[in-house]
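*Asks:* structure-v9.tsv is the file, holding TSV, C-alpha atoms:
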```
chain	number	residue	atom	x	y	z
A	650	MET	CA	110.18	27.69	120.84
A	651	GLU	CA	107.69	27.17	118.00
A	652	GLU	CA	104.94	26.48	120.51
A	653	LEU	CA	105.77	29.69	122.37
A	654	LYS	CA	105.69	31.71	119.15
A	655	LYS	CA	102.23	30.34	118.28
A	656	HIS	CA	101.02	31.16	121.78
A	657	LEU	CA	102.37	34.73	121.56
A	658	ASP	CA	100.76	35.23	118.13
A	659	SER	CA	97.42	34.08	119.55
A	660	LEU	CA	97.85	36.25	122.65
A	661	GLU	CA	98.65	39.32	120.53
A	662	THR	CA	95.51	38.77	118.43
A	663	GLU	CA	93.34	38.37	121.55
A	664	ILE	CA	94.74	41.54	123.15
A	665	LYS	CA	94.10	43.51	119.94
A	666	GLN	CA	90.51	42.25	119.86
A	667	SER	CA	89.99	43.31	123.48
A	668	ALA	CA	91.50	46.73	122.77
A	669	ALA	CA	89.13	47.11	119.82
A	670	LYS	CA	86.12	46.41	122.05
A	671	LEU	CA	87.26	49.28	124.28
A	672	ASN	CA	87.74	51.59	121.25
A	673	ILE	CA	91.40	52.10	122.12
A	674	ALA	CA	92.25	53.16	118.53
A	675	GLU	CA	89.52	55.84	118.57
A	676	ARG	CA	90.76	57.05	121.94
A	677	GLN	CA	94.30	57.28	120.53
A	678	THR	CA	93.01	59.48	117.71
A	679	GLU	CA	91.19	61.68	120.21
A	680	LEU	CA	94.31	61.89	122.40
A	681	ALA	CA	96.47	62.88	119.41
A	682	GLY	CA	94.03	65.71	118.61
A	683	LEU	CA	94.19	66.99	122.18
A	684	GLN	CA	97.98	66.87	122.15
A	685	VAL	CA	98.06	68.92	118.95
A	686	GLU	CA	95.79	71.49	120.59
A	687	ILE	CA	97.98	71.57	123.70
A	688	ALA	CA	101.09	72.06	121.55
A	689	LYS	CA	99.61	75.25	120.08
A	690	ASN	CA	100.00	76.72	123.57
A	691	ASP	CA	97.37	79.42	123.03
A	692	TRP	CA	95.68	79.40	126.43
A	693	SER	CA	93.63	82.56	126.71
A	694	ASP	CA	90.86	80.45	128.27
A	695	ASN	CA	92.25	78.89	131.47
A	696	LEU	CA	89.14	76.81	132.17
A	697	ARG	CA	89.30	75.27	128.71
A	698	ALA	CA	93.00	74.58	129.17
A	699	GLN	CA	92.33	72.75	132.43
A	700	ASP	CA	89.52	70.77	130.81
A	701	ILE	CA	91.72	69.71	127.88
A	702	ARG	CA	94.65	68.68	130.08
A	703	LYS	CA	92.32	66.72	132.36
A	704	LYS	CA	90.84	64.91	129.36
A	705	GLU	CA	94.33	64.22	128.00
A	706	ALA	CA	95.43	62.67	131.30
A	707	SER	CA	92.26	60.55	131.47
A	708	LEU	CA	92.66	59.24	127.92
A	709	PHE	CA	96.36	58.52	128.41
A	710	GLY	CA	95.53	56.54	131.56
A	711	GLN	CA	93.04	54.43	129.61
A	712	ILE	CA	95.23	53.88	126.55
A	713	SER	CA	98.77	53.39	127.86
A	714	PRO	CA	98.24	50.07	129.72
A	715	TRP	CA	96.98	48.49	126.47
A	716	THR	CA	99.64	49.96	124.18
A	717	ASP	CA	102.36	49.03	126.69
A	718	LEU	CA	101.01	45.47	126.85
A	719	LEU	CA	101.03	45.15	123.06
A	720	ASP	CA	104.58	46.50	122.95
A	721	ASP	CA	105.60	43.89	125.54
A	722	VAL	CA	104.08	41.07	123.45
A	723	LYS	CA	105.78	42.30	120.29
A	724	GLY	CA	109.11	42.55	122.09
A	725	VAL	CA	108.94	38.99	123.42
A	726	LEU	CA	107.73	37.72	120.03
A	727	GLU	CA	110.67	39.36	118.24
A	728	LEU	CA	113.10	37.64	120.62
A	729	ALA	CA	111.30	34.33	120.17
A	730	LYS	CA	111.77	34.61	116.39
A	731	LEU	CA	115.54	34.50	116.93
A	732	ASN	CA	115.02	30.79	117.76
A	733	ASP	CA	117.65	30.94	120.51
A	734	ASN	CA	116.65	28.15	122.89
A	735	SER	CA	118.88	29.59	125.62
A	736	LEU	CA	116.39	32.47	125.85
A	737	LEU	CA	113.39	30.16	126.30
A	738	PRO	CA	113.17	30.21	130.14
A	739	GLU	CA	113.34	34.02	130.24
A	740	LEU	CA	110.81	34.38	127.41
A	741	GLN	CA	108.42	32.00	129.16
A	742	ALA	CA	108.73	34.03	132.37
A	743	GLN	CA	108.03	37.29	130.49
A	744	THR	CA	105.04	35.69	128.77
A	745	LYS	CA	103.54	34.73	132.14
A	746	LYS	CA	103.93	38.35	133.33
A	747	ILE	CA	102.17	39.57	130.19
A	748	GLU	CA	99.32	37.09	130.73
A	749	LYS	CA	98.93	38.26	134.32
A	750	LYS	CA	98.74	41.92	133.22
A	751	TYR	CA	96.24	40.98	130.53
A	752	GLU	CA	93.99	39.18	133.03
A	753	GLN	CA	93.82	42.39	135.05
A	754	LEU	CA	93.17	44.58	132.01
A	755	LYS	CA	90.44	42.25	130.72
A	756	LYS	CA	88.29	43.44	133.62
A	757	GLN	CA	87.90	46.68	131.68
A	758	LEU	CA	85.85	44.76	129.10
A	759	ARG	CA	82.96	45.17	131.53
A	760	PHE	CA	83.02	48.87	130.65
A	761	THR	CA	81.83	49.06	127.07
A	762	GLY	CA	78.77	51.25	127.66
A	763	PRO	CA	78.63	54.64	125.90
A	764	TYR	CA	79.18	56.55	129.15
A	765	ASP	CA	81.19	54.07	131.24
A	766	ASP	CA	84.38	56.14	131.09
A	767	ARG	CA	82.65	59.34	132.26
A	768	GLU	CA	82.94	61.21	135.53
A	769	VAL	CA	79.94	60.94	137.83
A	770	ILE	CA	77.20	63.14	139.21
A	771	LEU	CA	76.04	61.45	142.42
A	772	GLY	CA	72.69	62.46	143.90
A	773	ILE	CA	71.46	61.38	147.34
A	774	TYR	CA	67.83	61.96	148.39
A	775	ALA	CA	66.13	61.20	151.70
A	776	GLY	CA	63.00	59.07	151.27
A	777	ALA	CA	60.42	57.56	153.60
A	778	GLY	CA	61.36	57.67	157.27
A	779	GLY	CA	61.29	61.33	158.34
A	780	THR	CA	64.29	62.56	160.32
A	781	ASP	CA	65.79	59.06	160.33
A	782	ALA	CA	65.74	59.04	156.53
A	783	GLN	CA	67.47	62.43	156.38
A	784	ASP	CA	70.12	61.15	158.77
A	785	TRP	CA	70.44	58.01	156.63
A	786	ALA	CA	70.96	60.17	153.52
A	787	GLN	CA	73.84	61.92	155.28
A	788	MET	CA	75.32	58.55	156.32
A	789	LEU	CA	75.26	57.51	152.66
A	790	GLN	CA	76.89	60.78	151.65
A	791	ARG	CA	79.70	60.11	154.13
A	792	MET	CA	80.04	56.53	152.83
A	793	TYR	CA	80.52	57.65	149.23
A	794	LEU	CA	82.86	60.49	150.18
A	795	ARG	CA	85.00	58.06	152.19
A	796	TRP	CA	85.02	55.63	149.26
A	797	ALA	CA	86.06	58.44	146.91
A	798	GLU	CA	88.90	59.33	149.29
A	799	THR	CA	90.22	55.75	149.29
A	800	GLN	CA	90.14	55.77	145.48
A	801	GLY	CA	92.06	59.03	145.22
A	802	LEU	CA	89.11	60.76	143.57
A	803	LYS	CA	88.16	64.41	143.68
A	804	ALA	CA	84.74	64.94	145.29
A	805	GLU	CA	82.98	68.30	144.92
A	806	ILE	CA	79.67	68.96	146.71
A	807	ILE	CA	77.69	70.89	144.10
A	808	ASP	CA	74.49	71.32	146.08
A	809	GLN	CA	73.14	70.28	149.48
A	810	SER	CA	69.89	70.77	151.35
A	811	ALA	CA	69.99	70.33	155.13
A	812	GLY	CA	67.33	68.43	157.05
A	813	GLU	CA	65.09	70.20	159.57
A	814	GLU	CA	66.45	68.38	162.64
A	815	ALA	CA	69.37	66.31	161.39
A	816	GLY	CA	70.97	64.95	158.27
A	817	ILE	CA	70.25	66.14	154.75
A	818	LYS	CA	67.24	66.20	152.46
A	819	SER	CA	69.46	65.92	149.40
A	820	ALA	CA	73.00	66.33	148.13
A	821	THR	CA	74.61	66.46	144.69
A	822	ILE	CA	78.28	65.51	144.38
A	823	LYS	CA	80.60	65.50	141.39
A	824	LEU	CA	83.21	62.71	141.41
A	825	SER	CA	86.20	62.89	139.09
A	826	GLY	CA	89.74	61.63	138.68
A	827	GLY	CA	89.22	57.89	138.17
A	828	SER	CA	89.08	55.51	135.21
A	829	PHE	CA	85.69	54.16	134.11
A	830	LEU	CA	84.09	55.92	137.06
A	831	TYR	CA	80.49	55.74	135.85
A	832	GLY	CA	80.92	52.14	134.77
A	833	ARG	CA	82.11	51.23	138.25
A	834	LEU	CA	79.51	53.19	140.21
A	835	ALA	CA	76.41	52.65	138.07
A	836	GLY	CA	75.33	49.72	140.25
A	837	GLU	CA	74.90	52.03	143.25
A	838	HIS	CA	71.92	53.66	141.52
A	839	GLY	CA	68.70	52.84	143.36
A	840	VAL	CA	66.97	52.82	146.74
A	841	HIS	CA	69.01	51.96	149.85
A	842	ARG	CA	67.23	50.74	153.02
A	843	LEU	CA	68.50	51.08	156.60
A	844	VAL	CA	67.17	49.20	159.65
A	845	ARG	CA	68.39	50.32	163.10
A	846	LEU	CA	67.38	51.50	166.55
A	847	SER	CA	66.37	55.10	165.99
A	848	PRO	CA	68.41	57.76	167.80
A	849	PHE	CA	65.58	60.22	167.14
A	850	ASN	CA	62.78	58.86	169.31
A	851	ALA	CA	62.60	58.60	173.09
A	852	ASP	CA	61.68	54.91	173.07
A	853	ASN	CA	64.70	53.99	170.93
A	854	LEU	CA	62.47	51.86	168.69
A	855	ARG	CA	63.59	50.00	165.59
A	856	GLN	CA	63.19	52.23	162.53
A	857	THR	CA	63.31	51.52	158.80
A	858	SER	CA	64.53	54.37	156.61
A	859	PHE	CA	65.02	54.83	152.89
A	860	ALA	CA	67.19	57.01	150.68
A	861	LYS	CA	67.61	57.11	146.93
A	862	VAL	CA	71.03	57.23	145.27
A	863	GLU	CA	71.20	58.57	141.72
A	864	VAL	CA	74.32	57.84	139.66
A	865	LEU	CA	74.65	59.84	136.44
A	866	PRO	CA	77.40	59.99	133.82
A	867	LEU	CA	78.68	63.55	133.48
A	868	VAL	CA	77.50	64.92	130.13
A	869	ASP	CA	78.62	68.54	130.27
A	870	LYS	CA	79.16	69.33	126.59
A	871	PRO	CA	76.13	71.01	124.93
A	872	GLY	CA	76.68	69.08	121.70
A	873	GLU	CA	76.27	65.68	123.39
A	874	VAL	CA	72.69	66.28	124.53
A	875	GLU	CA	70.97	69.03	122.56
A	876	LEU	CA	68.49	70.98	124.70
A	877	ASP	CA	65.82	73.09	123.04
A	878	GLU	CA	65.38	76.40	124.89
A	879	LYS	CA	61.61	76.25	124.44
A	880	ASP	CA	61.60	72.98	126.43
A	881	LEU	CA	63.27	74.62	129.44
A	882	LYS	CA	61.77	76.63	132.28
A	883	ILE	CA	64.46	78.55	134.16
A	884	ASP	CA	63.74	80.06	137.58
A	885	VAL	CA	66.09	82.16	139.66
A	886	PHE	CA	65.67	82.29	143.43
A	887	ARG	CA	67.51	83.18	146.61
A	888	SER	CA	69.85	80.54	148.02
A	889	GLY	CA	68.89	79.07	151.37
A	890	GLY	CA	71.09	78.50	154.39
A	891	LYS	CA	71.14	78.13	158.13
A	892	GLY	CA	72.45	81.61	158.75
A	893	GLY	CA	75.85	83.18	159.26
A	894	GLN	CA	78.33	84.34	156.66
A	895	SER	CA	77.78	81.32	154.41
A	896	VAL	CA	74.31	82.46	153.40
A	897	ASN	CA	74.16	83.64	149.82
A	898	THR	CA	72.13	86.85	149.93
A	899	THR	CA	71.86	87.28	146.16
A	900	ASP	CA	69.35	85.70	143.81
A	901	SER	CA	71.99	83.38	142.33
A	902	ALA	CA	70.33	79.98	142.80
A	903	VAL	CA	68.92	78.44	139.62
A	904	ARG	CA	66.23	75.85	138.95
A	905	ILE	CA	65.87	74.43	135.44
A	906	THR	CA	62.90	72.25	134.50
A	907	HIS	CA	62.83	70.14	131.36
A	908	LEU	CA	59.14	70.49	130.45
A	909	PRO	CA	58.67	67.34	128.29
A	910	SER	CA	59.94	65.00	131.03
A	911	GLY	CA	59.19	67.13	134.11
A	912	ILE	CA	62.76	66.67	135.34
A	913	SER	CA	63.96	69.56	137.49
A	914	VAL	CA	67.49	70.47	138.62
A	915	SER	CA	68.36	73.09	141.24
A	916	VAL	CA	71.85	74.42	142.01
A	917	GLN	CA	72.69	77.00	144.68
A	918	ASN	CA	76.37	76.52	145.29
A	919	GLU	CA	77.13	80.09	146.46
A	920	ARG	CA	78.58	80.97	143.08
A	921	SER	CA	77.42	83.32	140.38
A	922	GLN	CA	74.04	82.84	138.73
A	923	LEU	CA	75.80	82.08	135.43
A	924	GLN	CA	77.95	79.37	137.01
A	925	ASN	CA	74.95	77.82	138.75
A	926	ARG	CA	73.03	77.88	135.48
A	927	GLU	CA	75.82	76.09	133.59
A	928	THR	CA	76.18	73.52	136.38
A	929	ALA	CA	72.43	72.90	136.41
A	930	LEU	CA	72.39	72.45	132.62
A	931	GLY	CA	75.26	69.95	132.89
A	932	ILE	CA	73.38	67.91	135.50
A	933	LEU	CA	70.18	68.10	133.43
A	934	ARG	CA	72.01	66.80	130.35
A	935	SER	CA	73.51	64.00	132.45
A	936	ARG	CA	70.11	63.02	133.86
A	937	LEU	CA	68.45	63.07	130.44
A	938	ALA	CA	71.29	61.07	128.86
A	939	ALA	CA	71.03	58.39	131.56
A	940	LEU	CA	67.23	58.18	131.24
A	941	GLN	CA	67.39	58.09	127.45
A	942	LEU	CA	69.79	55.15	127.67
A	943	GLU	CA	67.71	53.41	130.34
A	944	GLN	CA	64.40	53.86	128.52
A	945	HIS	CA	65.82	53.18	125.03
A	946	ALA	CA	64.25	56.44	123.89
A	947	GLU	CA	65.12	57.73	120.43
A	948	SER	CA	64.66	61.37	121.39
A	949	LEU	CA	64.53	63.53	124.51
A	950	ALA	CA	60.85	64.21	123.86
A	951	GLN	CA	60.09	60.52	124.50
A	952	ILE	CA	61.72	60.46	127.93
A	953	LYS	CA	59.53	60.05	130.98
A	954	GLY	CA	60.60	61.30	134.37
A	955	PRO	CA	61.82	58.67	136.86
A	956	ASN	CA	59.00	57.31	139.01
A	957	GLN	CA	60.85	55.08	141.46
A	958	SER	CA	60.19	56.29	144.99
A	959	ALA	CA	62.48	55.77	147.97
A	960	GLU	CA	60.27	53.47	149.99
A	961	TRP	CA	59.55	49.83	150.83
A	962	GLY	CA	59.72	47.36	147.95
A	963	ASN	CA	62.07	49.36	145.74
A	964	GLN	CA	65.35	48.85	147.58
A	965	ILE	CA	68.41	47.42	145.85
A	966	ARG	CA	70.33	46.94	149.11
A	967	ASN	CA	69.59	46.53	152.81
A	968	TYR	CA	71.81	47.75	155.64
A	969	VAL	CA	70.71	46.17	158.94
A	970	LEU	CA	72.19	47.38	162.25
A	971	HIS	CA	69.54	45.80	164.51
A	972	PRO	CA	68.62	43.12	165.61
A	973	TYR	CA	71.63	41.68	163.74
A	974	LYS	CA	74.27	43.22	161.47
A	975	GLN	CA	74.22	42.62	157.76
A	976	VAL	CA	74.57	44.37	154.41
A	977	LYS	CA	72.89	42.47	151.60
A	978	ASP	CA	72.51	43.41	147.94
A	979	ASN	CA	69.18	42.17	146.62
A	980	ARG	CA	70.41	41.88	143.03
A	981	THR	CA	73.68	39.98	143.46
A	982	GLY	CA	73.05	38.18	146.76
A	983	TYR	CA	76.33	39.55	148.13
A	984	GLU	CA	76.24	39.99	151.89
A	985	SER	CA	78.56	41.02	154.69
A	986	SER	CA	78.18	41.20	158.48
A	987	ASP	CA	80.68	44.09	158.71
A	988	VAL	CA	78.17	46.91	158.17
A	989	GLU	CA	80.38	49.54	159.81
A	990	LYS	CA	83.21	48.80	157.38
A	991	VAL	CA	80.87	49.25	154.41
A	992	LEU	CA	79.45	52.49	155.83
A	993	ASP	CA	83.03	53.65	156.29
A	994	GLY	CA	83.57	53.46	152.53
A	995	ASN	CA	84.56	49.85	151.84
A	996	LEU	CA	82.34	49.50	148.76
A	997	ASP	CA	84.71	47.65	146.44
A	998	PRO	CA	83.41	44.12	147.25
A	999	LEU	CA	79.83	45.27	146.57
A	1000	ILE	CA	80.87	47.04	143.36
A	1001	THR	CA	82.85	44.01	142.15
A	1002	ALA	CA	79.93	41.67	142.89
A	1003	TRP	CA	77.60	43.88	140.85
A	1004	LEU	CA	80.04	44.10	137.91
A	1005	GLU	CA	80.39	40.31	137.85
A	1006	HIS	CA	76.63	39.85	138.11
A	1007	LYS	CA	75.41	42.35	135.52
A	1008	PRO	CA	74.89	41.17	131.92
A	1009	ASN	CA	77.50	42.33	129.42
```
Could you quickly redo this structure as structure tokens?
*Replies:*
Amino acid sequence: MEELKKHLDSLETEIKQSAAKLNIAERQTELAGLQVEIAKNDWSDNLRAQDIRKKEASLFGQISPWTDLLDDVKGVLELAKLNDNSLLPELQAQTKKIEKKYEQLKKQLRFTGPYDDREVILGIYAGAGGTDAQDWAQMLQRMYLRWAETQGLKAEIIDQSAGEEAGIKSATIKLSGGSFLYGRLAGEHGVHRLVRLSPFNADNLRQTSFAKVEVLPLVDKPGEVELDEKDLKIDVFRSGGKGGQSVNTTDSAVRITHLPSGISVSVQNERSQLQNRETALGILRSRLAALQLEQHAESLAQIKGPNQSAEWGNQIRNYVLHPYKQVKDNRTGYESSDVEKVLDGNLDPLITAWLEHKPN
């Protein structure tokens, strides 16, 4: 029994240290503040109410597994202190269950970045390859939407530009509803290369196409990334469309350019100009926050616009459909011959390989 008590003491200390790395105590304080605000029950602003309740649910989902685990350890330790040897087999069995839960929770220690627990703005952009590249961009969009569906996430298409003949030139999607979403998806950021027999030429020749995937942490609060109005150029224009009732005939589309970095964001989601403006500002903040982190810049004025182009030599992953079938990640070395399964949304093995490969 003494040996078990020492083991439980050590386990409790280790769990507390892991919880501290994930800032669980700070998250508890934040959760308590939200719960106080909710208890006031003064909801004249429905959008704010939804935002607060969503944040409360997210924080609770991150905190409760750790607090429950610590409660379990304390409970078993209290019983062990009774020194009743008849309880030893049951206490040992409960300890093994706790250790198993802890092994699963320790995977969260990969997510200690400042934005790892954020929702995601996912951008997809056709690169070199003409119509094939635009079709490839749409295939990637489907892949991520299918993955989001399997994860029980909410996916909202914020903006989309159709290709001339097929596919899409670009798409912007907001993903929400999961824990550590940015931390899990950050490895998808980069250029993706497809090799296949082209369905868009008469000779059915092998074609190489490229598309760029941009993964941004959602930074939608003005206070998190301060934007100076004099650094912004805001243009209003008429939304495009292919015709029919879905065409927005008002000048509600918005383009915002951050002049110091040259980064531009356009949103034309068939909503009001004000809503499109706020959405565009949120995406701009997210993009600037990600670049500031990536470039170790001390201020927004030091940020340079991204210069990675979606073409040969920049790809992070290859998807080959001809003359053989293979998906291979150039960073981790992970590969699979089941390309169709990956394109149908089975990204977890690739995501796990990247998380295990990346430096902490």
*Asks:* Could you list, as a list in words, every residue within 8 Å of range 847-857 of chain A, counting only C-alpha atoms and ignoring same-chain residues fewer than 2 positions away?
*Replies:*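 Neighbouring residues, sequence-local ones excluded: Gly778, Thr780, Asp781, Arg842, Leu843, Val844, Arg845, Phe859 and His971 of chain A.
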*Asks:* May I have the residues from that selection written out with C-alpha atoms, as a tab-separated table (two decimals), keeping the file's coordinate frame?
*Replies:*
```tsv
chain	number	residue	atom	x	y	z
A	778	GLY	CA	61.36	57.67	157.27
A	780	THR	CA	64.29	62.56	160.32
A	781	ASP	CA	65.79	59.06	160.33
A	842	ARG	CA	67.23	50.74	153.02
A	843	LEU	CA	68.50	51.08	156.60
A	844	VAL	CA	67.17	49.20	159.65
A	845	ARG	CA	68.39	50.32	163.10
A	859	PHE	CA	65.02	54.83	152.89
A	971	HIS	CA	69.54	45.80	164.51
```
*Asks:* Here is a test: counting all atoms listed in the file, which residue of A:Gln699, A:Thr1001, A:Gln666, A:Asn963 is nearest to Leu683 in chain A?
*Replies:*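 The closest residue to Leu683 in chain A is A:Gln699.
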*Asks:* Which of these residues is nearest to Lys750 in chain A, using all atoms listed in the file: A:Gln800, A:Leu726, A:Asp721, A:Val769?
*Replies:*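 For Lys750 in chain A, the nearest of the candidates is A:Asp721.
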*Asks:* Looking at all atoms listed in the file, which of A:Glu768, A:Asp658, A:Glu984, A:Glu798 is the one that sits closest to Lys723 in chain A?
*Replies:*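 Using all atoms listed in the file, the shortest distance to Lys723 in chain A belongs to A:Asp658.
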*Asks:* Enclose range 783-798 of chain A, meaning all of its atoms listed in the file, in a box aligned along x, y and z, pad it by 3 Å on each side, and list the centre and edge lengths in Å to one decimal, as JSON.
*Replies:*
```
{"center_x": 78.2, "center_y": 59.0, "center_z": 152.8, "size_x": 27.4, "size_y": 12.8, "size_z": 17.9}
```
*Asks:* In Å, with one decimal, what is the gap from CA of Asn995 in chain A to CA of Trp796 in chain A?
*Replies:*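 Interatomic distance, CA of Asn995 in chain A to CA of Trp796 in chain A: 6.3 Å.
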*Asks:* Give me, as an NGL selection string, all polymer residues having an atom no more than 7 Å from Leu680 in chain A, counting all atoms listed in the file and skipping those fewer than 3 positions away in the same chain.
*Replies:* :A and (676-677 or 683-684 or 705 or 708)
*Asks:* Give the answer as one residue: which of A:Val840, A:Val874, A:Leu992, A:Val916 has the shortest atom-to-atom distance to Ala777 in chain A, using all atoms listed in the file?
*Replies:* A:Val840
*Asks:* Within 9 Å of (75.0, 66.3, 151.5) (coordinates as in the file), grab all the protein and nucleic acid residues, counting all atoms listed in the file, and write them out as a JSON list (two decimals) with C-alpha atoms, keeping the file's coordinate frame.
*Replies:*
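Result written to point_22.json:
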```json
[["chain", "number", "residue", "atom", "x", "y", "z"],
["A", 772, "GLY", "CA", 72.69, 62.46, 143.90],
["A", 773, "ILE", "CA", 71.46, 61.38, 147.34],
["A", 774, "TYR", "CA", 67.83, 61.96, 148.39],
["A", 786, "ALA", "CA", 70.96, 60.17, 153.52],
["A", 787, "GLN", "CA", 73.84, 61.92, 155.28],
["A", 789, "LEU", "CA", 75.26, 57.51, 152.66],
["A", 790, "GLN", "CA", 76.89, 60.78, 151.65],
["A", 791, "ARG", "CA", 79.70, 60.11, 154.13],
["A", 806, "ILE", "CA", 79.67, 68.96, 146.71],
["A", 808, "ASP", "CA", 74.49, 71.32, 146.08],
["A", 809, "GLN", "CA", 73.14, 70.28, 149.48],
["A", 810, "SER", "CA", 69.89, 70.77, 151.35],
["A", 811, "ALA", "CA", 69.99, 70.33, 155.13],
["A", 816, "GLY", "CA", 70.97, 64.95, 158.27],
["A", 817, "ILE", "CA", 70.25, 66.14, 154.75],
["A", 818, "LYS", "CA", 67.24, 66.20, 152.46],
["A", 819, "SER", "CA", 69.46, 65.92, 149.40],
["A", 820, "ALA", "CA", 73.00, 66.33, 148.13],
["A", 821, "THR", "CA", 74.61, 66.46, 144.69],
["A", 822, "ILE", "CA", 78.28, 65.51, 144.38]]
```
*Asks:* Quote the spacing between CA of Thr799 in chain A and CA of Ser985 in chain A in Å to one decimal place.
*Replies:*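 Going from CA of Thr799 in chain A over to CA of Ser985 in chain A covers 19.5 Å.
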*Asks:* List as a JSON list (two decimals) with C-alpha atoms, keeping the file's coordinate frame the protein and nucleic acid residues near range 751-756 of chain A, meaning an atom at most 8 Å away when all atoms listed in the file are counted, but skip any in the same chain fewer than 6 places from it.
*Replies:*
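Output file result_31.json is given in full below:
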```json
[["chain", "number", "residue", "atom", "x", "y", "z"],
["A", 664, "ILE", "CA", 94.74, 41.54, 123.15],
["A", 667, "SER", "CA", 89.99, 43.31, 123.48],
["A", 714, "PRO", "CA", 98.24, 50.07, 129.72],
["A", 715, "TRP", "CA", 96.98, 48.49, 126.47],
["A", 718, "LEU", "CA", 101.01, 45.47, 126.85]]
```
*Asks:* May I have the residues within 8 Å of Thr906 in chain A as a PDB file with C-alpha atoms, keeping the file's coordinate frame, using all atoms listed in the file and disregarding those fewer than 5 positions away in the same chain?
*Replies:*
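What landed in result09.pdb:
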```
ATOM      1  CA  LEU A 881      63.270  74.620 129.440  1.00  0.00           C
ATOM      2  CA  LYS A 882      61.770  76.630 132.280  1.00  0.00           C
ATOM      3  CA  ILE A 883      64.460  78.550 134.160  1.00  0.00           C
ATOM      4  CA  GLY A 911      59.190  67.130 134.110  1.00  0.00           C
ATOM      5  CA  ILE A 912      62.760  66.670 135.340  1.00  0.00           C
ATOM      6  CA  SER A 913      63.960  69.560 137.490  1.00  0.00           C
ATOM      7  CA  VAL A 914      67.490  70.470 138.620  1.00  0.00           C
TER       8      VAL A 914
END
```
*Asks:* I'd like the interatomic distance between CA of Asn925 in chain A and CA of Val903 in chain A, to a tenth of an Å.
*Replies:*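 Calculated distance between CA of Asn925 in chain A and CA of Val903 in chain A is 6.1 Å.
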*Asks:* Counting all atoms listed in the file, which residue out of A:Glu686, A:Asp766, A:Met792, A:Ala782 sits closest to Asp997 in chain A?
*Replies:* A:Met792
*Asks:* When you count all atoms listed in the file, which of these residues is closest to Ile807 in chain A: A:Leu728, A:Leu771, A:Val991, A:Ala835?
*Replies:*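 That would be A:Leu771, the residue with the smallest distance to Ile807 in chain A.
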*Asks:* At a cut-off of 8 Å, using all atoms listed in the file, what residues contact Ile932 in chain A? Leave out same-chain residues fewer than 6 positions from it and give the result as a list of chain:residue names.
*Replies:*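 Close residues of Ile932 in chain A: A:Ile770, A:Leu867, A:Val868, A:Asp869, A:Val914.
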